[in-house]
Amino acid sequence: MTSELPKAYEPSAAQARWVKEWEARGYCDADPIPGREQHTIMIPLPNVTGALHMGHCLNGTVQDLLTRWRRMQGRVALWMPGTDHAGIATQAVVERRMLEEEGLTRHDIGRDALVERIWKWKDEYEVRILNQLRQIGASCDWRRTRFTLDDVCSKAVRRTFFKMFSDGLIFRGKRLVNWDPHLQTAVADDEVYTEDVDGNFWTFNYPIVDDAGQPTDRVIRFSTTRPETMLGDTAICVHPTDERYTDIIGRMVRIPVNGRLIPIIADALLADKELGTGAVKVTPAHDPNDYACGLRNDLPMINILNSDGTINEEGGEFEGMDRKTVRKAIVAKMEELGHYEGVEDRKIPKKFSDRSKTEIEPYLSDQWFVKMDTLAQSAMDAVSDKRVKIFPQRFTKTYMDWLGEKRDWCISRQLWWGHRIPIWSKKLDTSPELMEKLLSYYSQKNDGRDVSDGSIFCPVPEHAGSITAVITDGIEPGEKLLLMCVADGCEELEQQLQTDGFVQDPDVLDTWFSSAVWPHATLGWPNETSNPPLAGSENSQSERSAGGKNEVLDYFYPGSVLVTSRDIISLWVARMVLMGLYNMKEVPFEHVYIHPSIQDSFGQRMSKSKGNGVDPLDLIDKYGTDAVRFTIASIAGDTQDVRLPVGYECPHCEAVTLQTIKHQNMKPDGGPTPSITCKDCKKDFQFPSPWFKPDEGAAVARIVSDRFDFGRNFCNKLWNASRFAFMNLEGYTPGAIDSVDLKTEDQWILSRLATTAQQVTTMLGRYQFDKATHTVRDFTWNEFCDWYVEMLKPRLKDESARPLAQRVLVVVIDNLLRLLHPFAPFITEELWQKLNELAGVRGLNQQTAAADSVMIAAWPWQQMENSNPKSEISDLSEALISAELESRFERLQETVVAVRNIRGQYKISPKEPLKLFMKCSPEVAAQMYAVADQFDNLSRTMLEAAGLDITPPPGAAGFSLKDADGYVPLDGLVDNTAEKAKLEKQQAELQKQIAGSEQKLGNPGFVDKAPPHVIDAFRKTLAERQAQLESVARMIEELS
RNA sequence: GGGCGAUUAGCUCAGUUGGCUAGAGCACCUCGUUUACACCGAGGGAGUCGGGGGUUCGAGUCCCUCAUCGCCCA
């Protein structure tokens, strides 16, 4: 039977086949197995706004690598997939599209219709994203896929909110938000961009008044870019050490345009002596810095705007004017009143809303907050006492610093897409009968305690545990509001509240609120009596659980490791820890691995908004998933961010045009779709971009990056080495491998294989994916392929040597495929299947039938902590590792290289046989004889003689190794002058090194202070070099 | 403004608690189709480790400073 593989690996066919097959066989499913260790990773839920990019690809590769590795180690490895509703981002995308395509705003269609549209969008993109994940080989338990707005997660969010509210951790407060007057919503900081625009810098003055409020002869001058906000000024601020003003601090001034009296205050953080007049107006309700100043100095905060950006009733005569026109009116009025001093042109940084492109207005509004003091402290404690460890460690500082501020968390968002805040409110004074009911309840249950102070209480005793309430101040003076918070699963209560005239809060929760409970929400919390439902199998055994417990939650929580990027350490990681502690009393994961970010060739972070994103599927299409994963893994270490220069591959001639910033920014702008002219074939082509879709039927470039050659070349190498092996497995029989029969190269490759397995295992445990990848690559390429396979070739042709050679070869490939599987799952599976056909029973110590799939085979290195009860035990162990053997082999390699160099030097054909004489100790000579046939095989050289008594043959080229000298007779070909020059060069180098070492060892400072092992090492190398120098000198002598 | 990090070969990156002659892949040059692989093999050239100062017997590695870049938080 001959079983030849195709000459090249076909990634797409293998990927399509195994994605389906693994899932069908249930290899990715993780169900609790009592007594077995688990390994749990919760995916950093991607937003359903669009497609995945290279950052996700890196993130996913790392998680899958860990999951496959742990699964092979015998753990029940759960990788929980899912997506995030991503409140503002998703709603923004859908709204923008609606506006562009239909000219509709959300107010035109209403809340329910908008939410329905967003659900449709979500369904489409969720499928796309989960598909992309499958394409990168993600071995998620797809049955458990969750979405932050699905029933399971919603329940958890709702319960958490209720719990927090009832514990008094959620409160209502004011906050300055970025208000978009066009969309009439608050927007997040990251949805706001700043641009320098042409503006004016006006200077005005306010008259200082006396105690009676009458004008004095003094004024205070200040400059501003936003005169209209003087309607909301509540102070003038100067620096406390500014001598121009110290005497008037505490005096009052009158705002000319509305007559209000405001104080002159001193605040070193707001006022700058060097800037302008040194005095500034303070408008706490309409500027972030002024707001902070207002809080520090207990100033009134006057909101002068309506939500549409027009002036409200606080503006007096200006009420109803647009914020743009009121500015001119104010300036004119100030001029008319004689308080205008001048104006100059200036570039002014202004904030704009990403979505509507309108100017942002800082705006004071009612928001919901989570009290962070004790929660933040608990999350800090978890890291400081090492219940959660962050890798690399330096990121603990980011985490700690942010939590240490303990700033209350604003959780309300003025959006329609998200978890609606489960609060119903009603003005107390409009419902006397309810008030009556309440008060009677308090007097019974709360010992007559007055609850108008904001204490939490249960308003409906028969629903204790499902509803809590608080009384707060309303907007109107003296008004009281009754706020009711209802737990999950109490629809009738909600109905009752509606009937009673309560109104549900229109806001939704910050997306991060639901993300924060992700690690336990996905496992079914708060349901503690049954397992969470599985997709596609309602009511099957999935929900069944013995003893009325949620076994899934018990088993998989807490998780093992969170894999994410550093920009969401505070937004997400910290909040998951505190929510986990709050709801579960346990941290959500033991480790956090922060991986590098991917940048473009200019050091910019890859992101949609920069137009430099790369779709991993483009790269997978070009290089194959395994190549992409292998390359990605090779750059995921713990040091720094990584640059990924990409180019556009011409669809006509395949020439690559490197991507520049110009390409990233090309937009149609109403004109034709941008295109690039190929520098080689001069034809035009279009290219993928976040700004536009290529025209129907146009020739579109593919995004490529030669960094992925690294992985692609490796896969090719692995494929072909295996192909060679498989071609030589004819007649393979399993059988015991007696260690006395093993040749030097067999022992060496097994020693190197075991060392590699051990190192890779250690490195993966430390999240050093880059090192692990390079280690396994170098072993495969530089040791297995370049040396071992070459050495095996003659043995495979020799009938008597063949059976053993085949067995060892099979063992090495078997273990190599396992080691590589987490890095390159598809190609290793393809090869594993083939290997099973040819050598289904195999092993070093024990002959066993191989696993049906490499995905469920045992990891080749067993550690004490892990055992794999379901499958065969690995053969590799420390007993195989021998440093002495490895260094002995190195000498063989050096000898072969030296002979090859002589061929090169004298231009001798590789086919020309040569003779070799080695002058060396008897021990070394014995070792040389043991591998003599390999000199012939690898460098077509016969070892004629080796030993101390070798006399150099005449007319030979020579070389000197550390503990042996070699001579290759060249029959008059030899050029004595060149030989001499070569040796003299080596001699000079040795002398230089020896001089360096001697100088060092002659330095009293060094021998006195350096540690003994360093000094010994120097002495040893010095001695070796001196010995080698003698050899070299002698060889030069011999030539003369 | 505060914090974290980076700057090493043409490009992309490694470089353990300071210790012998600073490494790899790609690119480049020379040679080579030997029955796995040209996505290959055998060789080779290439870096005053961002600048300056300091500590030390010894600095790519530690400290200070300057420059440039990235990220997070104000």
# chains A, B, ... in the order shown; residues from 1 in each chain; ligands from 1
call {"tool": "residues_around", "arguments": {"residues": "stretch 331-337 of chain A", "least_positions_apart": "5", "cutoff": "12 Å", "atoms": "only C-alpha atoms (C1' of nucleotides)", "output": "list in words"}}
result
Asn200, Phe201, Trp202, Thr203, Phe204, Asn205, Tyr206, Pro207, Thr224, Thr225, Arg226, Pro227, Glu228, Thr229, Met230, Leu231, Ile255, Pro256, Val257, Asn258, Gly259, Glu317, Phe318, Lys324, Thr325, Val326, Gly342 and Val343 of chain A
call {"tool": "write_last_selection", "arguments": {"atoms": "N, CA and C atoms", "output": "tab-separated table (two decimals), in the first residue's frame"}}
result
chain	number	residue	atom	x	y	z
A	200	ASN	N	-13.52	82.06	18.28
A	200	ASN	CA	-13.19	83.38	18.82
A	200	ASN	C	-12.92	83.30	20.30
A	201	PHE	N	-12.11	84.23	20.75
A	201	PHE	CA	-11.77	84.30	22.15
A	201	PHE	C	-12.13	85.73	22.59
A	202	TRP	N	-13.30	85.81	23.26
A	202	TRP	CA	-13.81	87.14	23.64
A	202	TRP	C	-13.30	87.53	25.02
A	203	THR	N	-13.16	88.83	25.23
A	203	THR	CA	-12.87	89.32	26.58
A	203	THR	C	-14.00	90.26	27.02
A	204	PHE	N	-14.49	89.99	28.23
A	204	PHE	CA	-15.57	90.79	28.80
A	204	PHE	C	-15.17	91.21	30.21
A	205	ASN	N	-16.02	92.00	30.82
A	205	ASN	CA	-15.84	92.24	32.26
A	205	ASN	C	-17.16	92.18	32.98
A	206	TYR	N	-17.10	91.81	34.24
A	206	TYR	CA	-18.27	91.84	35.12
A	206	TYR	C	-17.99	92.90	36.17
A	207	PRO	N	-18.99	93.75	36.48
A	207	PRO	CA	-18.77	94.78	37.52
A	207	PRO	C	-18.79	94.16	38.92
A	224	THR	N	-13.31	84.25	27.31
A	224	THR	CA	-14.04	83.00	27.14
A	224	THR	C	-14.26	82.70	25.66
A	225	THR	N	-14.40	81.42	25.34
A	225	THR	CA	-14.75	81.04	23.98
A	225	THR	C	-16.24	80.79	23.85
A	226	ARG	N	-16.93	80.76	24.97
A	226	ARG	CA	-18.36	80.43	24.93
A	226	ARG	C	-19.16	81.44	25.75
A	227	PRO	N	-19.37	82.63	25.21
A	227	PRO	CA	-20.05	83.70	25.98
A	227	PRO	C	-21.45	83.31	26.43
A	228	GLU	N	-22.14	82.51	25.63
A	228	GLU	CA	-23.55	82.20	25.96
A	228	GLU	C	-23.69	81.52	27.31
A	229	THR	N	-22.61	80.84	27.76
A	229	THR	CA	-22.74	80.11	29.02
A	229	THR	C	-22.78	81.05	30.21
A	230	MET	N	-22.56	82.35	30.00
A	230	MET	CA	-22.61	83.25	31.16
A	230	MET	C	-23.99	83.28	31.80
A	231	LEU	N	-24.97	82.83	31.05
A	231	LEU	CA	-26.32	82.72	31.64
A	231	LEU	C	-26.33	81.72	32.79
A	255	ILE	N	-23.75	89.63	36.96
A	255	ILE	CA	-23.72	89.26	35.55
A	255	ILE	C	-24.62	90.23	34.82
A	256	PRO	N	-24.05	91.04	33.94
A	256	PRO	CA	-24.85	92.12	33.33
A	256	PRO	C	-26.06	91.61	32.57
A	257	VAL	N	-25.95	90.48	31.88
A	257	VAL	CA	-27.05	90.07	31.01
A	257	VAL	C	-28.26	89.55	31.75
A	258	ASN	N	-28.10	89.09	32.98
A	258	ASN	CA	-29.30	88.64	33.69
A	258	ASN	C	-29.37	89.17	35.12
A	259	GLY	N	-28.37	89.95	35.51
A	259	GLY	CA	-28.44	90.61	36.81
A	259	GLY	C	-28.12	89.75	38.00
A	317	GLU	N	-34.75	86.43	28.96
A	317	GLU	CA	-35.13	86.97	27.65
A	317	GLU	C	-34.57	86.16	26.49
A	318	PHE	N	-33.57	85.32	26.78
A	318	PHE	CA	-32.96	84.54	25.69
A	318	PHE	C	-33.62	83.17	25.51
A	324	LYS	N	-26.51	78.46	19.01
A	324	LYS	CA	-25.64	79.19	18.09
A	324	LYS	C	-26.02	80.68	18.04
A	325	THR	N	-27.32	80.95	17.95
A	325	THR	CA	-27.74	82.34	17.81
A	325	THR	C	-27.62	83.09	19.13
A	326	VAL	N	-27.77	82.38	20.24
A	326	VAL	CA	-27.73	83.06	21.52
A	326	VAL	C	-26.34	83.64	21.77
A	342	GLY	N	-13.25	93.05	23.78
A	342	GLY	CA	-12.52	92.73	22.55
A	342	GLY	C	-12.64	91.26	22.17
A	343	VAL	N	-12.12	90.97	21.01
A	343	VAL	CA	-12.20	89.59	20.53
A	343	VAL	C	-10.98	89.30	19.67
call {"tool": "interface_residues", "arguments": {"of": "chain B", "to": "chain A", "cutoff": "6 Å", "atoms": "only C-alpha atoms (C1' of nucleotides)", "output": "ChimeraX atom specification"}}
result
/B:36-37,39,57
call {"tool": "select_by_dssp", "arguments": {"residues": "stretch 160-237 of chain A", "states": "strand (DSSP E or B)", "output": "PyMOL selection string"}}
result
chain A and resi 170-180+185-187+192-209+215-224+235-237
call {"tool": "closest_residue", "arguments": {"among": "A:Asp488, A:Glu101, A:Asp554, A:Glu344", "to": "A:His520", "atoms": "only C-alpha atoms"}}
result
A:Asp554
call {"tool": "residues_around", "arguments": {"residues": "A:Gly731", "least_positions_apart": "2", "cutoff": "12 Å", "atoms": "only C-alpha atoms (C1' of nucleotides)", "output": "count of residues only"}}
result
19
call {"tool": "select_by_dssp", "arguments": {"residues": "stretch 789-855 of chain A", "states": "helix (DSSP H, G or I)", "output": "ChimeraX atom specification"}}
result
/A:789-797,802-820,825-838,854-855
call {"tool": "closest_residue", "arguments": {"among": "B:G32, B:G23, B:G70, B:G3", "to": "B:G47", "atoms": "only C-alpha atoms (C1' of nucleotides)"}}
result
B:G23
call {"tool": "decode", "arguments": {"residues": "stretch 27-61 of chain B", "atoms": "N, CA, C and O atoms (P, O5', C5', C4', C3', O3' and C1' of nucleotides)", "output": "compact mmCIF listing (two decimals), in the first residue's frame"}}
result
# COMPACT_ATOMS: atom_id res chain seq x y z
P A B 27 12.36 35.75 1.86
O5' A B 27 13.02 37.20 1.75
C5' A B 27 12.25 38.30 1.26
C4' A B 27 13.09 39.56 1.29
C3' A B 27 14.42 39.47 0.56
O3' A B 27 14.27 39.68 -0.83
C1' A B 27 14.77 40.41 2.69
P C B 28 15.22 38.89 -1.83
O5' C B 28 16.67 39.45 -1.49
C5' C B 28 16.98 40.82 -1.73
C4' C B 28 18.40 41.11 -1.30
C3' C B 28 19.45 40.18 -1.89
O3' C B 28 19.82 40.57 -3.21
C1' C B 28 19.84 40.42 0.43
P C B 29 20.05 39.43 -4.32
O5' C B 29 21.54 38.95 -3.99
C5' C B 29 22.63 39.86 -4.11
C4' C B 29 23.90 39.20 -3.64
C3' C B 29 24.14 37.80 -4.19
O3' C B 29 24.69 37.83 -5.49
C1' C B 29 24.51 37.78 -1.86
P U B 30 24.39 36.62 -6.52
O5' U B 30 25.32 35.47 -5.94
C5' U B 30 26.74 35.61 -5.95
C4' U B 30 27.38 34.39 -5.36
C3' U B 30 26.89 33.06 -5.91
O3' U B 30 27.50 32.74 -7.14
C1' U B 30 26.96 32.94 -3.55
P C B 31 26.68 31.88 -8.23
O5' C B 31 26.67 30.43 -7.58
C5' C B 31 27.88 29.71 -7.42
C4' C B 31 27.65 28.50 -6.56
C3' C B 31 26.58 27.53 -7.05
O3' C B 31 27.05 26.71 -8.10
C1' C B 31 26.31 27.87 -4.73
P G B 32 26.01 26.20 -9.19
O5' G B 32 25.09 25.19 -8.37
C5' G B 32 25.64 23.98 -7.87
C4' G B 32 24.66 23.31 -6.95
C3' G B 32 23.37 22.80 -7.58
O3' G B 32 23.58 21.57 -8.24
C1' G B 32 22.92 23.81 -5.49
P U B 33 22.86 21.17 -9.51
O5' U B 33 21.64 20.38 -8.88
C5' U B 33 20.38 20.93 -8.89
C4' U B 33 19.42 20.10 -8.10
C3' U B 33 18.92 18.87 -8.88
O3' U B 33 19.54 17.68 -8.36
C1' U B 33 17.13 20.41 -8.49
P U B 34 19.08 16.28 -8.14
O5' U B 34 20.38 15.71 -7.52
C5' U B 34 20.90 14.63 -7.07
C4' U B 34 20.68 14.04 -5.71
C3' U B 34 19.25 14.08 -5.14
O3' U B 34 18.52 12.95 -5.56
C1' U B 34 20.85 14.74 -3.49
P U B 35 17.05 13.04 -6.06
O5' U B 35 16.13 12.94 -4.76
C5' U B 35 14.76 13.33 -4.85
C4' U B 35 13.85 12.15 -4.76
C3' U B 35 13.73 11.53 -3.37
O3' U B 35 12.87 12.25 -2.53
C1' U B 35 14.03 9.81 -4.90
P A B 36 12.93 12.07 -0.97
O5' A B 36 11.72 13.00 -0.50
C5' A B 36 10.38 12.72 -0.88
C4' A B 36 9.51 13.83 -0.38
C3' A B 36 9.93 15.22 -0.84
O3' A B 36 9.34 15.52 -2.09
C1' A B 36 9.65 15.22 1.51
P C B 37 10.06 16.56 -3.08
O5' C B 37 9.81 17.97 -2.39
C5' C B 37 8.49 18.51 -2.32
C4' C B 37 8.47 19.66 -1.36
C3' C B 37 9.40 20.81 -1.71
O3' C B 37 8.76 21.69 -2.61
C1' C B 37 9.63 20.27 0.59
P A B 38 9.40 22.13 -3.96
O5' A B 38 10.15 23.52 -3.68
C5' A B 38 9.61 24.51 -2.79
C4' A B 38 10.22 25.85 -3.12
C3' A B 38 9.80 26.43 -4.46
O3' A B 38 9.61 27.83 -4.33
C1' A B 38 12.15 26.22 -4.39
P C B 39 8.18 28.40 -3.90
O5' C B 39 8.23 28.31 -2.31
C5' C B 39 8.66 29.41 -1.45
C4' C B 39 8.47 28.92 -0.03
C3' C B 39 8.91 27.46 0.07
O3' C B 39 10.14 27.22 0.73
C1' C B 39 6.58 27.75 0.68
P C B 40 10.78 27.56 1.95
O5' C B 40 11.71 26.29 2.14
C5' C B 40 11.18 24.98 2.05
C4' C B 40 12.18 24.05 1.42
C3' C B 40 13.63 24.23 1.84
O3' C B 40 13.88 23.71 3.11
C1' C B 40 13.53 23.89 -0.48
P G B 41 15.00 24.38 4.01
O5' G B 41 16.30 23.76 3.37
C5' G B 41 16.50 22.36 3.38
C4' G B 41 17.76 22.00 2.66
C3' G B 41 19.00 22.78 3.09
O3' G B 41 19.54 22.26 4.28
C1' G B 41 18.89 22.71 0.75
P A B 42 20.37 23.20 5.24
O5' A B 42 21.71 23.37 4.42
C5' A B 42 22.54 22.24 4.18
C4' A B 42 23.76 22.70 3.45
C3' A B 42 24.46 23.90 4.09
O3' A B 42 25.28 23.48 5.15
C1' A B 42 24.22 24.25 1.77
P G B 43 25.68 24.51 6.28
O5' G B 43 26.62 25.46 5.44
C5' G B 43 26.81 26.79 5.83
C4' G B 43 27.63 27.45 4.76
C3' G B 43 27.82 28.92 4.99
O3' G B 43 28.91 29.16 5.86
C1' G B 43 27.01 28.59 2.82
P G B 44 28.73 30.21 7.05
O5' G B 44 28.71 31.59 6.25
C5' G B 44 29.81 31.94 5.40
C4' G B 44 29.47 33.16 4.59
C3' G B 44 29.07 34.39 5.37
O3' G B 44 30.20 35.04 5.92
C1' G B 44 27.65 34.13 3.50
P G B 45 30.07 35.89 7.25
O5' G B 45 29.63 37.31 6.72
C5' G B 45 30.44 38.03 5.79
C4' G B 45 29.65 39.14 5.17
C3' G B 45 29.01 40.11 6.16
O3' G B 45 29.92 41.08 6.61
C1' G B 45 27.41 39.47 4.54
P A B 46 29.96 41.45 8.16
O5' A B 46 28.61 42.30 8.31
C5' A B 46 28.44 43.50 7.54
C4' A B 46 26.98 43.87 7.51
C3' A B 46 26.36 44.18 8.88
O3' A B 46 26.62 45.52 9.25
C1' A B 46 24.94 42.75 7.61
P G B 47 27.52 45.80 10.54
O5' G B 47 26.46 46.28 11.62
C5' G B 47 25.40 47.19 11.29
C4' G B 47 24.51 47.33 12.49
C3' G B 47 25.22 47.82 13.75
O3' G B 47 25.18 49.23 13.81
C1' G B 47 23.81 45.93 14.22
P U B 48 26.48 50.12 13.80
O5' U B 48 26.81 50.37 15.35
C5' U B 48 27.31 49.37 16.15
C4' U B 48 27.99 49.98 17.34
C3' U B 48 27.10 50.80 18.29
O3' U B 48 26.35 49.95 19.15
C1' U B 48 29.11 51.96 17.90
P C B 49 25.56 50.45 20.42
O5' C B 49 24.14 49.79 20.20
C5' C B 49 23.12 50.47 19.48
C4' C B 49 21.83 49.76 19.76
C3' C B 49 21.18 50.14 21.10
O3' C B 49 19.78 50.19 20.90
C1' C B 49 21.58 47.81 21.02
P G B 50 18.92 51.25 21.69
O5' G B 50 19.14 52.66 20.98
C5' G B 50 19.01 52.77 19.58
C4' G B 50 18.93 54.23 19.22
C3' G B 50 19.86 55.14 20.01
O3' G B 50 21.17 55.15 19.49
C1' G B 50 17.69 56.04 20.03
P G B 51 22.41 55.30 20.53
O5' G B 51 22.39 56.84 20.88
C5' G B 51 22.60 57.81 19.85
C4' G B 51 22.62 59.19 20.44
C3' G B 51 23.50 59.36 21.68
O3' G B 51 24.86 59.52 21.34
C1' G B 51 21.41 60.38 22.08
P G B 52 25.98 58.97 22.37
O5' G B 52 25.79 59.91 23.65
C5' G B 52 26.19 61.27 23.59
C4' G B 52 25.82 61.98 24.87
C3' G B 52 26.41 61.40 26.15
O3' G B 52 27.76 61.77 26.35
C1' G B 52 24.12 61.85 26.49
P G B 53 28.70 60.76 27.16
O5' G B 53 28.13 60.84 28.64
C5' G B 53 28.47 61.95 29.48
C4' G B 53 27.64 61.95 30.72
C3' G B 53 27.97 60.89 31.77
O3' G B 53 29.13 61.18 32.52
C1' G B 53 25.64 60.99 31.50
P G B 54 30.08 59.96 32.99
O5' G B 54 29.20 59.26 34.12
C5' G B 54 28.92 59.96 35.33
C4' G B 54 27.88 59.24 36.14
C3' G B 54 28.31 57.91 36.76
O3' G B 54 29.09 58.09 37.92
C1' G B 54 26.14 57.71 35.83
P U B 55 30.18 56.98 38.33
O5' U B 55 29.24 55.79 38.84
C5' U B 55 28.48 55.93 40.05
C4' U B 55 27.70 54.67 40.31
C3' U B 55 28.53 53.40 40.34
O3' U B 55 29.17 53.20 41.59
C1' U B 55 26.59 53.07 39.02
P U B 56 30.71 52.77 41.61
O5' U B 56 30.67 51.33 40.97
C5' U B 56 30.02 50.27 41.64
C4' U B 56 30.01 49.04 40.77
C3' U B 56 31.36 48.60 40.24
O3' U B 56 32.08 47.85 41.21
C1' U B 56 29.77 48.56 38.49
P C B 57 33.67 48.04 41.31
O5' C B 57 34.26 47.34 40.01
C5' C B 57 35.61 47.54 39.63
C4' C B 57 35.95 46.60 38.49
C3' C B 57 34.96 46.61 37.34
O3' C B 57 35.24 47.65 36.43
C1' C B 57 35.41 44.38 37.97
P G B 58 34.08 48.51 35.84
O5' G B 58 33.31 47.43 34.97
C5' G B 58 33.90 46.97 33.74
C4' G B 58 33.08 45.87 33.14
C3' G B 58 31.63 46.22 32.85
O3' G B 58 31.52 46.89 31.60
C1' G B 58 31.73 44.13 33.95
P A B 59 30.33 47.94 31.40
O5' A B 59 29.02 47.07 31.41
C5' A B 59 28.75 46.10 30.40
C4' A B 59 27.32 46.23 29.93
C3' A B 59 27.01 47.52 29.16
O3' A B 59 25.98 47.25 28.22
C1' A B 59 25.72 47.47 31.12
P G B 60 26.36 46.77 26.78
O5' G B 60 24.95 46.74 26.02
C5' G B 60 24.31 47.96 25.66
C4' G B 60 22.83 47.75 25.53
C3' G B 60 22.10 47.55 26.85
O3' G B 60 21.71 48.78 27.39
C1' G B 60 21.49 45.84 25.34
P U B 61 21.72 49.03 28.97
O5' U B 61 20.85 47.83 29.55
C5' U B 61 19.43 47.81 29.38
C4' U B 61 18.88 46.57 30.03
C3' U B 61 19.02 46.55 31.55
O3' U B 61 17.82 46.11 32.15
C1' U B 61 20.05 44.63 30.59
